[in-house]
Amino acid sequence: MAAAYSTYNRRSDYRGNDQREFYVYGNTVRQTQPAPLRTPKQTPSAQPKRTSRQVARNRNRAMSISPAYAVFLAVATLCAVFVCVLYLNLQSSVISHSENVTAMQEELADLTEANDTRYNAAADSVNIETVKERAMNEMGMVYASQGTVVEYDRPATDYVKQYSDIPENGVLAKSSDVSR
């Protein structure tokens with residue numbers, strides 16, 4: 001270990017005051033305070049120190065728990081356990097409902113896909129020409145001709161109620177003013 005030595009350097013500042021600077025040379029740091037002296041371990045004496053009766057009584061009282069305080073602690077512990085059980089029950093309920101919702105969403109997606117597939121298959125299987133042929137030949141339907149279409153002014157609602165059959169000539173009622 002290299003020895004450390006120090007020197008004082010004297011210099012003066014711009015006012016002419018002397019200032020001392022302290023330099024440390026070497027690789028060790030100077031200790032500002034000496035290390036404390038070691039004291040020998042104290043051996044326990046043969047007799048323990050005696051305490052007064054009042055101090056002993058206060059220590060015993062502090063170490064004991066009154067029955068009322070014990071009941072309070074028991075009730076508080078039971079309440080804490082009850083709240084924890086309720087919390088865990090609610091937590092498991094939330095998790096099971098979340099899993100149930102996820103399962104129902106998957107089922108809805110599957111049913112929607114199956115429904116769309118069946119709808120597209122049904123729409124693709126219908127041939128308009130076949131429907132037209134069957135309606136005209138088997139059921140006796142005919143296309144509307146020029147005079148058989150009766151047009152109505154659009155009512156306020158989206159549908160029209162028909163209370164009687166439309167006559168063959170297509171005229172429901174004649175007004176004296178209209179016939180002129």
# chains A, B, ... in the order shown; residues from 1 in each chain; ligands from 1

call {"tool": "select_by_dssp", "arguments": {"residues": "segment 82-157 of chain A", "states": "helix (DSSP H, G or I)", "output": "number ranges by chain"}}
result
A: 82-125, 128-137

call {"tool": "write_last_selection", "arguments": {"atoms": "N, CA and C atoms", "output": "compact mmCIF listing (two decimals), in the first residue's frame"}}
result
# COMPACT_ATOMS: atom_id res chain seq x y z
N PHE A 82 -66.04 -12.91 6.53
CA PHE A 82 -67.32 -12.89 5.82
C PHE A 82 -67.23 -12.00 4.58
N VAL A 83 -66.63 -10.84 4.72
CA VAL A 83 -66.48 -9.95 3.58
C VAL A 83 -65.58 -10.59 2.52
N CYS A 84 -64.53 -11.26 2.92
CA CYS A 84 -63.65 -11.93 1.96
C CYS A 84 -64.38 -13.05 1.21
N VAL A 85 -65.20 -13.82 1.94
CA VAL A 85 -65.96 -14.89 1.30
C VAL A 85 -66.96 -14.31 0.30
N LEU A 86 -67.64 -13.22 0.68
CA LEU A 86 -68.58 -12.58 -0.25
C LEU A 86 -67.85 -12.06 -1.49
N TYR A 87 -66.70 -11.46 -1.27
CA TYR A 87 -65.93 -10.95 -2.41
C TYR A 87 -65.53 -12.08 -3.36
N LEU A 88 -65.05 -13.17 -2.80
CA LEU A 88 -64.66 -14.30 -3.66
C LEU A 88 -65.87 -14.89 -4.39
N ASN A 89 -67.02 -14.94 -3.70
CA ASN A 89 -68.24 -15.45 -4.33
C ASN A 89 -68.64 -14.54 -5.50
N LEU A 90 -68.62 -13.23 -5.30
CA LEU A 90 -68.96 -12.30 -6.38
C LEU A 90 -67.96 -12.39 -7.52
N GLN A 91 -66.71 -12.54 -7.18
CA GLN A 91 -65.67 -12.65 -8.21
C GLN A 91 -65.89 -13.90 -9.06
N SER A 92 -66.20 -15.03 -8.43
CA SER A 92 -66.45 -16.25 -9.20
C SER A 92 -67.73 -16.12 -10.03
N SER A 93 -68.74 -15.41 -9.49
CA SER A 93 -69.97 -15.19 -10.24
C SER A 93 -69.71 -14.35 -11.48
N VAL A 94 -68.90 -13.31 -11.34
CA VAL A 94 -68.57 -12.47 -12.49
C VAL A 94 -67.83 -13.28 -13.54
N ILE A 95 -66.91 -14.11 -13.12
CA ILE A 95 -66.14 -14.92 -14.07
C ILE A 95 -67.05 -15.91 -14.78
N SER A 96 -67.97 -16.56 -14.04
CA SER A 96 -68.85 -17.53 -14.69
C SER A 96 -69.82 -16.85 -15.66
N HIS A 97 -70.32 -15.65 -15.29
CA HIS A 97 -71.19 -14.93 -16.21
C HIS A 97 -70.43 -14.49 -17.46
N SER A 98 -69.20 -14.09 -17.29
CA SER A 98 -68.38 -13.70 -18.44
C SER A 98 -68.16 -14.88 -19.37
N GLU A 99 -67.89 -16.03 -18.81
CA GLU A 99 -67.71 -17.23 -19.63
C GLU A 99 -69.01 -17.61 -20.32
N ASN A 100 -70.14 -17.44 -19.61
CA ASN A 100 -71.45 -17.74 -20.20
C ASN A 100 -71.73 -16.81 -21.37
N VAL A 101 -71.45 -15.52 -21.22
CA VAL A 101 -71.67 -14.56 -22.29
C VAL A 101 -70.79 -14.91 -23.50
N THR A 102 -69.56 -15.28 -23.24
CA THR A 102 -68.66 -15.65 -24.34
C THR A 102 -69.19 -16.87 -25.08
N ALA A 103 -69.68 -17.85 -24.35
CA ALA A 103 -70.24 -19.05 -24.99
C ALA A 103 -71.48 -18.70 -25.81
N MET A 104 -72.33 -17.83 -25.27
CA MET A 104 -73.53 -17.43 -26.01
C MET A 104 -73.18 -16.63 -27.27
N GLN A 105 -72.15 -15.80 -27.19
CA GLN A 105 -71.73 -15.05 -28.37
C GLN A 105 -71.20 -15.99 -29.45
N GLU A 106 -70.47 -17.01 -29.05
CA GLU A 106 -69.99 -17.99 -30.02
C GLU A 106 -71.16 -18.75 -30.64
N GLU A 107 -72.14 -19.11 -29.82
CA GLU A 107 -73.33 -19.82 -30.34
C GLU A 107 -74.09 -18.92 -31.31
N LEU A 108 -74.25 -17.65 -30.98
CA LEU A 108 -74.94 -16.71 -31.87
C LEU A 108 -74.20 -16.58 -33.19
N ALA A 109 -72.88 -16.51 -33.15
CA ALA A 109 -72.10 -16.40 -34.38
C ALA A 109 -72.30 -17.66 -35.24
N ASP A 110 -72.30 -18.82 -34.60
CA ASP A 110 -72.51 -20.07 -35.35
C ASP A 110 -73.90 -20.12 -35.96
N LEU A 111 -74.92 -19.76 -35.18
CA LEU A 111 -76.29 -19.78 -35.71
C LEU A 111 -76.49 -18.76 -36.82
N THR A 112 -75.88 -17.58 -36.69
CA THR A 112 -76.00 -16.57 -37.74
C THR A 112 -75.35 -17.06 -39.03
N GLU A 113 -74.20 -17.70 -38.90
CA GLU A 113 -73.53 -18.22 -40.09
C GLU A 113 -74.37 -19.32 -40.75
N ALA A 114 -74.92 -20.21 -39.92
CA ALA A 114 -75.75 -21.29 -40.48
C ALA A 114 -77.00 -20.71 -41.14
N ASN A 115 -77.61 -19.70 -40.53
CA ASN A 115 -78.81 -19.08 -41.10
C ASN A 115 -78.49 -18.40 -42.42
N ASP A 116 -77.38 -17.67 -42.49
CA ASP A 116 -77.00 -17.01 -43.73
C ASP A 116 -76.72 -18.03 -44.84
N THR A 117 -76.08 -19.12 -44.46
CA THR A 117 -75.79 -20.17 -45.44
C THR A 117 -77.08 -20.77 -45.99
N ARG A 118 -78.04 -21.08 -45.12
CA ARG A 118 -79.32 -21.66 -45.57
C ARG A 118 -80.13 -20.67 -46.39
N TYR A 119 -80.09 -19.39 -46.01
CA TYR A 119 -80.82 -18.38 -46.76
C TYR A 119 -80.25 -18.26 -48.17
N ASN A 120 -78.92 -18.21 -48.27
CA ASN A 120 -78.30 -18.12 -49.59
C ASN A 120 -78.59 -19.36 -50.43
N ALA A 121 -78.61 -20.53 -49.79
CA ALA A 121 -78.94 -21.76 -50.53
C ALA A 121 -80.38 -21.72 -51.03
N ALA A 122 -81.29 -21.22 -50.18
CA ALA A 122 -82.70 -21.13 -50.60
C ALA A 122 -82.87 -20.09 -51.70
N ALA A 123 -82.18 -18.97 -51.58
CA ALA A 123 -82.29 -17.93 -52.61
C ALA A 123 -81.70 -18.42 -53.93
N ASP A 124 -80.64 -19.19 -53.88
CA ASP A 124 -80.04 -19.71 -55.10
C ASP A 124 -80.87 -20.81 -55.74
N SER A 125 -81.66 -21.52 -54.95
CA SER A 125 -82.44 -22.64 -55.49
C SER A 125 -83.72 -22.19 -56.19
N ILE A 128 -86.87 -18.11 -61.09
CA ILE A 128 -88.03 -17.26 -61.35
C ILE A 128 -88.87 -17.80 -62.50
N GLU A 129 -88.24 -18.33 -63.49
CA GLU A 129 -88.99 -18.88 -64.64
C GLU A 129 -89.85 -20.06 -64.22
N THR A 130 -89.32 -20.90 -63.33
CA THR A 130 -90.08 -22.05 -62.86
C THR A 130 -91.28 -21.57 -62.04
N VAL A 131 -91.11 -20.58 -61.23
CA VAL A 131 -92.20 -20.04 -60.43
C VAL A 131 -93.27 -19.43 -61.34
N LYS A 132 -92.88 -18.72 -62.37
CA LYS A 132 -93.82 -18.10 -63.32
C LYS A 132 -94.62 -19.16 -64.07
N GLU A 133 -93.94 -20.20 -64.54
CA GLU A 133 -94.61 -21.30 -65.25
C GLU A 133 -95.65 -21.97 -64.36
N ARG A 134 -95.26 -22.28 -63.15
CA ARG A 134 -96.17 -22.98 -62.23
C ARG A 134 -97.36 -22.10 -61.87
N ALA A 135 -97.13 -20.81 -61.65
CA ALA A 135 -98.23 -19.91 -61.31
C ALA A 135 -99.22 -19.78 -62.46
N MET A 136 -98.74 -19.72 -63.69
CA MET A 136 -99.64 -19.54 -64.84
C MET A 136 -100.35 -20.84 -65.22
N ASN A 137 -99.61 -21.93 -65.20
CA ASN A 137 -100.17 -23.18 -65.68
C ASN A 137 -100.96 -23.93 -64.61

call {"tool": "atom_distance", "arguments": {"atom1": "atom CA of Lys41 of chain A", "atom2": "atom CA of Arg59 of chain A"}}
result
28.6 Å
